[in-house]
Amino acid sequence: MSGRNSRRQFITQSFKGLCLLGMGSYPMHRLSSEKGLQQEPSEDELFVREARYYKKLEELKAQCELCPRKCIVADLERGYCGVRENRQGTYYTLVYSRPCAIHMDPIEKKPLFHYLPGTTAFSLATAGCNIECKFCQNWNISQFRPEEVQSWYAPPQEIVNLAKKYKCPTIAYTYTEPVIFYEYMYDIAQAARKEKIGSVMITNGYIMEQPMVELCKQLTAVKVDLKAFTEKFYRESCSGELKPVLDILVTLKKLGIWLEIVVLIVPTLNDSPEEIDQMTRWIGENLGRDVPVHFTRYHPTYKIKNIPPTPIKTLERSRDIALKNGLHYVYVGNVPNHPAENTYCASCKKVVIKRVGYRIVEVNINEGKCKFCQNPIPGVWKDPLA
């Protein structure tokens with residue numbers, strides 16, 4: 001949205017955008033007060049806040065300390081993510097209260113299979129990302145700057161109010177990379193917790209330890225996209241690094257927050273049996289055998305369009321390797337009606353959650369245990385903030 005837009009245009013676009021999403025009317029910034037019409041707020045007043053994690057350097061430079069890139073940013077320049085800007089030595093986020101995508105999704109779409117199954121997550125994102133996956137399905141918002149996509153003004157409490165209005169027990173930070181709108185996510189999650197609404201972060205895990213630890217005090221679950229198990233893949237296909245993501249996974253395990261992992265299998269790039277074997281062995285040894293792992297099907301998009309969709313047999317082979325290595329809950333994703341989208345008891349092997357796409361059609365879990373053999377099924381089965 002251009003700063004040249006009038007306030008009337010801004011409100012009109014916001015209202016139309018949310019109506020298109022089927023959300024109905026939306027509480028907008030107040031136009032007037034008892035003293036009469038107020039001055040139009042600037043984009044800075046609406047969307048700009050000082051960043052939480054950075055340090056000031058000489059010559060008006062700033063170094064971001066939010067993600068492992070640790071961008072050193074000169075005055076009037078932005079970091080790699082495109083949503084954080086140095087202004088005379090002070091580092092700012094430009095996407096506070098500035099979502100570009102708002103939807104209500106089944107929690108299974110995240111995917112989170114062991115977290116309040118059958119419930120709805122109020123989902124949102126801002127523009128930007130701190131890596132660039134060549135197969136990103138949301139590249140048209142993740143790889144753009146905030147001024148290049150249509151956004152709406154939605155401060156934290158209004159997001160919480162909407163989640164309450166539409167009876168969503170959870171708010172999900174998703175679609176792009178929530179790390180880059182950290183301040184906004186943190187404040188929403190903090191306000192949501194006070195209203196007994198949970199918060200789940202759908203992330204690439206490319207974040208420094210301290211910000212993640214602090215954020216987890218407000219979250220109720222995290223799903224990490226583990227892109228591959230080689231630095232080569234991260235470097236060439238994602239412009240990122242593997243080791244910081246593995247470190248964060250270990251941190252999340254230590255914190256005890258509910259965690260699930262998704263691995264998008266891209267043929268010829270991260271699908272070798274050897275890599276899947278090493279990955280799943282590492283997961284079992286470092287995160288435990290009860291962490292759900294989803295192997296999901298890739299489809300050509302963005303910058304990788306010359307590789308066909310992942311063969312279903314490749315996904316099944318990956319699952320078999322993971323099960324052989326002792327992981328208890330392994331899924332095949334993006335393949336509707338596949339038997340491996342169901343949850344099976346690790347003890348008696350019976351179906352404890354039956355899924356058809358994103359719909360839950362059968363649940364055989366009582367008080368967190370298998371209805372058939374009483375074996376504990378790890379997960380978040382009741383409101384974590386009740």
# chains A, B, ... in the order shown; residues from 1 in each chain; ligands from 1

$ residues_around --residues "Ala346 in chain A" --least-positions-apart "2" --cutoff "8 Å" --atoms "only C-alpha atoms" --output "PyMOL selection string"
chain A and resi 328-329+344+348-349+375+377

$ residues_around --residues "range 246-254 of chain A" --least-positions-apart "2" --cutoff "10 Å" --atoms "only C-alpha atoms" --output "JSON, numbers by chain"
{"A": [204, 205, 206, 207, 208, 209, 210, 212, 213, 216, 221, 222, 223, 224, 226, 229, 241, 242, 243, 244, 256, 257, 258, 259, 260, 261, 282, 283, 286, 287, 288, 291]}

$ write_last_selection --atoms "C-alpha atoms" --output "compact mmCIF listing (two decimals), in the first residue's frame"
# COMPACT_ATOMS: atom_id res chain seq x y z
CA ASN A 204 11.45 -22.61 9.24
CA GLY A 205 13.25 -22.58 12.60
CA TYR A 206 15.84 -20.09 11.34
CA ILE A 207 15.97 -17.97 14.48
CA MET A 208 18.44 -17.28 17.27
CA GLU A 209 18.05 -19.15 20.53
CA GLN A 210 17.20 -16.27 22.89
CA MET A 212 12.92 -18.39 20.46
CA VAL A 213 13.14 -19.07 24.19
CA CYS A 216 7.92 -19.90 23.62
CA ALA A 221 3.02 -25.30 19.97
CA VAL A 222 5.59 -25.02 17.19
CA LYS A 223 5.76 -26.72 13.82
CA VAL A 224 9.16 -26.59 12.14
CA LEU A 226 12.99 -29.08 8.26
CA PHE A 229 19.41 -32.76 6.19
CA GLU A 241 21.79 -23.03 6.85
CA LEU A 242 20.92 -26.37 8.42
CA LYS A 243 22.83 -26.23 11.71
CA PRO A 244 20.95 -23.28 13.28
CA GLY A 256 9.06 -28.93 26.43
CA ILE A 257 6.74 -27.10 24.04
CA TRP A 258 4.69 -29.31 21.71
CA LEU A 259 6.65 -29.80 18.48
CA GLU A 260 5.94 -31.34 15.08
CA ILE A 261 8.21 -31.49 12.04
CA TRP A 282 19.06 -37.71 14.36
CA ILE A 283 15.44 -36.88 15.22
CA ASN A 286 17.95 -35.72 19.78
CA LEU A 287 14.21 -35.05 19.90
CA GLY A 288 12.75 -38.39 20.89
CA VAL A 291 7.89 -36.22 17.74

$ residues_around --residues "Thr170 in chain A" --least-positions-apart "2" --cutoff "8 Å" --atoms "only C-alpha atoms" --output "PDB file with C-alpha atoms, in the first residue's frame"
ATOM      1  CA  THR A 120      -9.874 -24.114  13.702  1.00  0.00           C
ATOM      2  CA  ALA A 121      -6.846 -21.818  13.734  1.00  0.00           C
ATOM      3  CA  PHE A 122      -7.155 -18.107  13.031  1.00  0.00           C
ATOM      4  CA  ALA A 163     -10.220 -15.189  16.978  1.00  0.00           C
ATOM      5  CA  CYS A 168     -10.950 -20.204  17.150  1.00  0.00           C
ATOM      6  CA  ALA A 172      -1.487 -19.523  13.906  1.00  0.00           C
ATOM      7  CA  ILE A 197      -6.401 -18.537  23.284  1.00  0.00           C
ATOM      8  CA  GLY A 198      -3.395 -20.596  22.190  1.00  0.00           C
ATOM      9  CA  SER A 199      -0.725 -19.606  19.663  1.00  0.00           C
ATOM     10  CA  VAL A 200       1.162 -21.849  17.249  1.00  0.00           C
TER      11      VAL A 200
END

$ residues_around --residues "range 131-141 of chain A" --least-positions-apart "4" --cutoff "6 Å" --atoms "only C-alpha atoms" --output "ChimeraX atom specification"
/A:127,237-240,301-304

$ write_last_selection --atoms "N, CA and C atoms" --output "PDB file, in the first residue's frame"
ATOM      1  N   ALA A 127       4.078  -9.779   4.968  1.00  0.00           N
ATOM      2  CA  ALA A 127       5.025  -9.988   3.874  1.00  0.00           C
ATOM      3  C   ALA A 127       6.417 -10.264   4.432  1.00  0.00           C
ATOM      4  N   SER A 237      19.178 -24.347  -2.234  1.00  0.00           N
ATOM      5  CA  SER A 237      17.740 -24.311  -2.501  1.00  0.00           C
ATOM      6  C   SER A 237      16.956 -23.376  -1.587  1.00  0.00           C
ATOM      7  N   CYS A 238      17.599 -22.929  -0.492  1.00  0.00           N
ATOM      8  CA  CYS A 238      16.872 -22.101   0.484  1.00  0.00           C
ATOM      9  C   CYS A 238      17.621 -20.834   0.888  1.00  0.00           C
ATOM     10  N   SER A 239      18.868 -20.687   0.466  1.00  0.00           N
ATOM     11  CA  SER A 239      19.686 -19.548   0.891  1.00  0.00           C
ATOM     12  C   SER A 239      19.746 -19.474   2.415  1.00  0.00           C
ATOM     13  N   GLY A 240      19.884 -20.634   3.032  1.00  0.00           N
ATOM     14  CA  GLY A 240      19.934 -20.684   4.488  1.00  0.00           C
ATOM     15  C   GLY A 240      20.982 -21.665   4.976  1.00  0.00           C
ATOM     16  N   THR A 301       6.592 -25.242  -8.383  1.00  0.00           N
ATOM     17  CA  THR A 301       6.144 -23.867  -8.152  1.00  0.00           C
ATOM     18  C   THR A 301       7.351 -22.940  -8.054  1.00  0.00           C
ATOM     19  N   TYR A 302       7.100 -21.666  -8.144  1.00  0.00           N
ATOM     20  CA  TYR A 302       8.091 -20.596  -7.981  1.00  0.00           C
ATOM     21  C   TYR A 302       9.294 -20.810  -8.893  1.00  0.00           C
ATOM     22  N   LYS A 303      10.461 -21.142  -8.363  1.00  0.00           N
ATOM     23  CA  LYS A 303      11.663 -21.254  -9.179  1.00  0.00           C
ATOM     24  C   LYS A 303      12.039 -22.682  -9.537  1.00  0.00           C
ATOM     25  N   ILE A 304      11.291 -23.652  -9.016  1.00  0.00           N
ATOM     26  CA  ILE A 304      11.542 -25.048  -9.381  1.00  0.00           C
ATOM     27  C   ILE A 304      10.285 -25.593 -10.046  1.00  0.00           C
TER      28      ILE A 304
END

$ closest_residue --among "A:Lys165, A:Thr176, A:Thr280, A:Pro156" --to "Gln190 in chain A" --atoms "only C-alpha atoms"
A:Pro156

$ residues_around --residues "His114 in chain A" --least-positions-apart "5" --cutoff "8 Å" --atoms "only C-alpha atoms" --output "PyMOL selection string"
chain A and resi 292+378-381

$ write_last_selection --atoms "N, CA and C atoms" --output "mmCIF file, in the first residue's frame"
data_model
loop_
_atom_site.group_PDB
_atom_site.id
_atom_site.type_symbol
_atom_site.label_atom_id
_atom_site.label_comp_id
_atom_site.auth_asym_id
_atom_site.auth_seq_id
_atom_site.Cartn_x
_atom_site.Cartn_y
_atom_site.Cartn_z
ATOM 1 N N PRO A 292 6.060 -36.081 16.095
ATOM 2 C CA PRO A 292 5.448 -36.387 14.801
ATOM 3 C C PRO A 292 6.267 -35.800 13.647
ATOM 4 N N PRO A 378 1.094 -39.103 22.791
ATOM 5 C CA PRO A 378 1.599 -37.755 23.077
ATOM 6 C C PRO A 378 0.923 -36.708 22.201
ATOM 7 N N GLY A 379 0.664 -35.541 22.781
ATOM 8 C CA GLY A 379 0.053 -34.457 22.033
ATOM 9 C C GLY A 379 -0.653 -33.487 22.956
ATOM 10 N N VAL A 380 -1.356 -32.544 22.365
ATOM 11 C CA VAL A 380 -2.156 -31.565 23.102
ATOM 12 C C VAL A 380 -3.607 -31.855 22.739
ATOM 13 N N TRP A 381 -4.295 -32.564 23.602
ATOM 14 C CA TRP A 381 -5.632 -33.065 23.282
ATOM 15 C C TRP A 381 -6.747 -32.237 23.911
#

$ select_by_dssp --residues "range 153-315 of chain A" --states "strand (DSSP E)" --output "list in words"
Thr170, Ile171, Ala172, Tyr173, Gly198, Ser199, Val200, Met201, Ile202, Thr203, Ala221, Val222, Lys223, Val224, Asp225, Trp258, Leu259, Glu260, Ile261, Val262, Val263, Leu264, Ile265, Val293, His294, Phe295, Thr296 and Arg297 of chain A

$ write_last_selection --atoms "N, CA and C atoms" --output "tab-separated table (two decimals), in the first residue's frame"
chain	number	residue	atom	x	y	z
A	170	THR	N	-7.20	-21.22	18.71
A	170	THR	CA	-5.77	-21.04	18.43
A	170	THR	C	-5.57	-19.97	17.36
A	171	ILE	N	-4.50	-19.21	17.52
A	171	ILE	CA	-4.03	-18.29	16.48
A	171	ILE	C	-2.75	-18.88	15.91
A	172	ALA	N	-2.66	-18.95	14.57
A	172	ALA	CA	-1.49	-19.52	13.91
A	172	ALA	C	-0.75	-18.44	13.14
A	173	TYR	N	0.55	-18.40	13.32
A	173	TYR	CA	1.44	-17.47	12.61
A	173	TYR	C	2.10	-18.30	11.52
A	198	GLY	N	-4.74	-20.11	22.45
A	198	GLY	CA	-3.39	-20.60	22.19
A	198	GLY	C	-2.77	-19.95	20.97
A	199	SER	N	-1.47	-20.14	20.81
A	199	SER	CA	-0.73	-19.61	19.66
A	199	SER	C	0.25	-20.65	19.16
A	200	VAL	N	0.23	-20.89	17.84
A	200	VAL	CA	1.16	-21.85	17.25
A	200	VAL	C	1.97	-21.15	16.17
A	201	MET	N	3.25	-21.43	16.16
A	201	MET	CA	4.18	-20.84	15.20
A	201	MET	C	4.54	-21.88	14.15
A	202	ILE	N	4.29	-21.53	12.89
A	202	ILE	CA	4.61	-22.42	11.77
A	202	ILE	C	5.85	-21.82	11.11
A	203	THR	N	7.01	-22.41	11.32
A	203	THR	CA	8.27	-21.73	11.09
A	203	THR	C	9.31	-22.58	10.38
A	221	ALA	N	2.46	-24.25	20.83
A	221	ALA	CA	3.02	-25.30	19.97
A	221	ALA	C	3.85	-24.66	18.87
A	222	VAL	N	4.75	-25.46	18.30
A	222	VAL	CA	5.59	-25.02	17.19
A	222	VAL	C	5.67	-26.14	16.16
A	223	LYS	N	5.50	-25.77	14.90
A	223	LYS	CA	5.76	-26.72	13.82
A	223	LYS	C	6.93	-26.18	13.01
A	224	VAL	N	7.95	-27.01	12.85
A	224	VAL	CA	9.16	-26.59	12.14
A	224	VAL	C	9.25	-27.30	10.80
A	225	ASP	N	9.47	-26.53	9.74
A	225	ASP	CA	9.76	-27.09	8.43
A	225	ASP	C	11.25	-27.39	8.34
A	258	TRP	N	5.07	-28.30	22.68
A	258	TRP	CA	4.69	-29.31	21.71
A	258	TRP	C	5.29	-28.98	20.34
A	259	LEU	N	5.89	-29.99	19.71
A	259	LEU	CA	6.65	-29.80	18.48
A	259	LEU	C	6.27	-30.86	17.46
A	260	GLU	N	6.08	-30.42	16.21
A	260	GLU	CA	5.94	-31.34	15.08
A	260	GLU	C	6.85	-30.86	13.97
A	261	ILE	N	7.25	-31.78	13.09
A	261	ILE	CA	8.21	-31.49	12.04
A	261	ILE	C	7.62	-31.86	10.68
A	262	VAL	N	7.83	-31.00	9.70
A	262	VAL	CA	7.43	-31.29	8.33
A	262	VAL	C	8.67	-31.30	7.44
A	263	VAL	N	8.76	-32.29	6.57
A	263	VAL	CA	9.83	-32.38	5.58
A	263	VAL	C	9.18	-32.46	4.20
A	264	LEU	N	9.34	-31.41	3.41
A	264	LEU	CA	8.85	-31.43	2.04
A	264	LEU	C	9.87	-32.19	1.19
A	265	ILE	N	9.46	-33.29	0.59
A	265	ILE	CA	10.38	-34.12	-0.17
A	265	ILE	C	10.39	-33.68	-1.63
A	293	VAL	N	6.46	-36.60	12.60
A	293	VAL	CA	7.19	-36.17	11.42
A	293	VAL	C	6.29	-36.37	10.20
A	294	HIS	N	6.13	-35.32	9.42
A	294	HIS	CA	5.28	-35.35	8.23
A	294	HIS	C	6.16	-35.27	6.98
A	295	PHE	N	6.14	-36.29	6.15
A	295	PHE	CA	6.80	-36.24	4.85
A	295	PHE	C	5.74	-35.82	3.82
A	296	THR	N	5.92	-34.64	3.24
A	296	THR	CA	4.87	-34.11	2.38
A	296	THR	C	5.32	-34.00	0.92
A	297	ARG	N	4.31	-34.02	0.07
A	297	ARG	CA	4.54	-34.06	-1.37
A	297	ARG	C	4.78	-32.67	-1.94

$ residues_around --residues "Gln278 in chain A" --least-positions-apart "5" --cutoff "12 Å" --atoms "only C-alpha atoms" --output "ChimeraX atom specification"
/A:228-230,270-273,283-285,318,321-322,325

$ atom_distance --atom1 "CA of Asp383 in chain A" --atom2 "CA of Tyr166 in chain A"
16.4 Å

$ closest_residue --among "A:Gly89, A:Pro376, A:Val330, A:Gly368" --to "Ser347 in chain A" --atoms "only C-alpha atoms"
A:Pro376

$ residues_around --residues "Gln88 in chain A" --least-positions-apart "4" --cutoff "9 Å" --atoms "only C-alpha atoms" --output "PyMOL selection string"
chain A and resi 59-62+74-76

$ closest_atom_pairs --of "range 333-386 of chain A" --to "range 99-107 of chain A" --cutoff "12 Å" --atoms "only C-alpha atoms" --output "CSV"
residue,atom,partner,partner_atom,distance
A:Arg355,CA,A:Pro106,CA,11.9
A:Gly357,CA,A:Pro106,CA,10.2
A:Tyr358,CA,A:Pro106,CA,6.5
A:Arg359,CA,A:Pro106,CA,8.0
A:Ile360,CA,A:Pro106,CA,9.8

$ write_last_selection --atoms "N, CA and C atoms" --output "mmCIF file, in the first residue's frame"
data_model
loop_
_atom_site.group_PDB
_atom_site.id
_atom_site.type_symbol
_atom_site.label_atom_id
_atom_site.label_comp_id
_atom_site.auth_asym_id
_atom_site.auth_seq_id
_atom_site.Cartn_x
_atom_site.Cartn_y
_atom_site.Cartn_z
ATOM 1 N N ARG A 355 -8.405 -39.527 9.471
ATOM 2 C CA ARG A 355 -8.545 -38.272 8.740
ATOM 3 C C ARG A 355 -8.921 -38.535 7.287
ATOM 4 N N GLY A 357 -8.488 -35.992 4.281
ATOM 5 C CA GLY A 357 -8.016 -34.639 4.015
ATOM 6 C C GLY A 357 -7.797 -33.909 5.325
ATOM 7 N N TYR A 358 -8.439 -32.753 5.477
ATOM 8 C CA TYR A 358 -8.306 -31.984 6.710
ATOM 9 C C TYR A 358 -9.431 -32.273 7.702
ATOM 10 N N ARG A 359 -10.310 -33.225 7.370
ATOM 11 C CA ARG A 359 -11.437 -33.532 8.242
ATOM 12 C C ARG A 359 -11.107 -34.692 9.177
ATOM 13 N N ILE A 360 -11.530 -34.536 10.415
ATOM 14 C CA ILE A 360 -11.407 -35.615 11.387
ATOM 15 C C ILE A 360 -12.716 -36.400 11.371
#

$ select_by_dssp --residues "range 151-360 of chain A" --states "alpha helix (DSSP H)" --output "PyMOL selection string"
chain A and resi 156-165+182-194+209-216+231-233+243-255+273-287+312-324

$ closest_residue --among "A:Pro68, A:Glu58, A:Gly128, A:Pro336" --to "Val245 in chain A" --atoms "only C-alpha atoms"
A:Pro68

$ closest_residue --among "A:Val83, A:Ala192, A:Cys129, A:Leu219" --to "Gln157 in chain A" --atoms "only C-alpha atoms"
A:Ala192

$ closest_residue --among "A:Asn366, A:Gly333, A:Phe372, A:Pro211" --to "Cys345 in chain A" --atoms "only C-alpha atoms"
A:Phe372
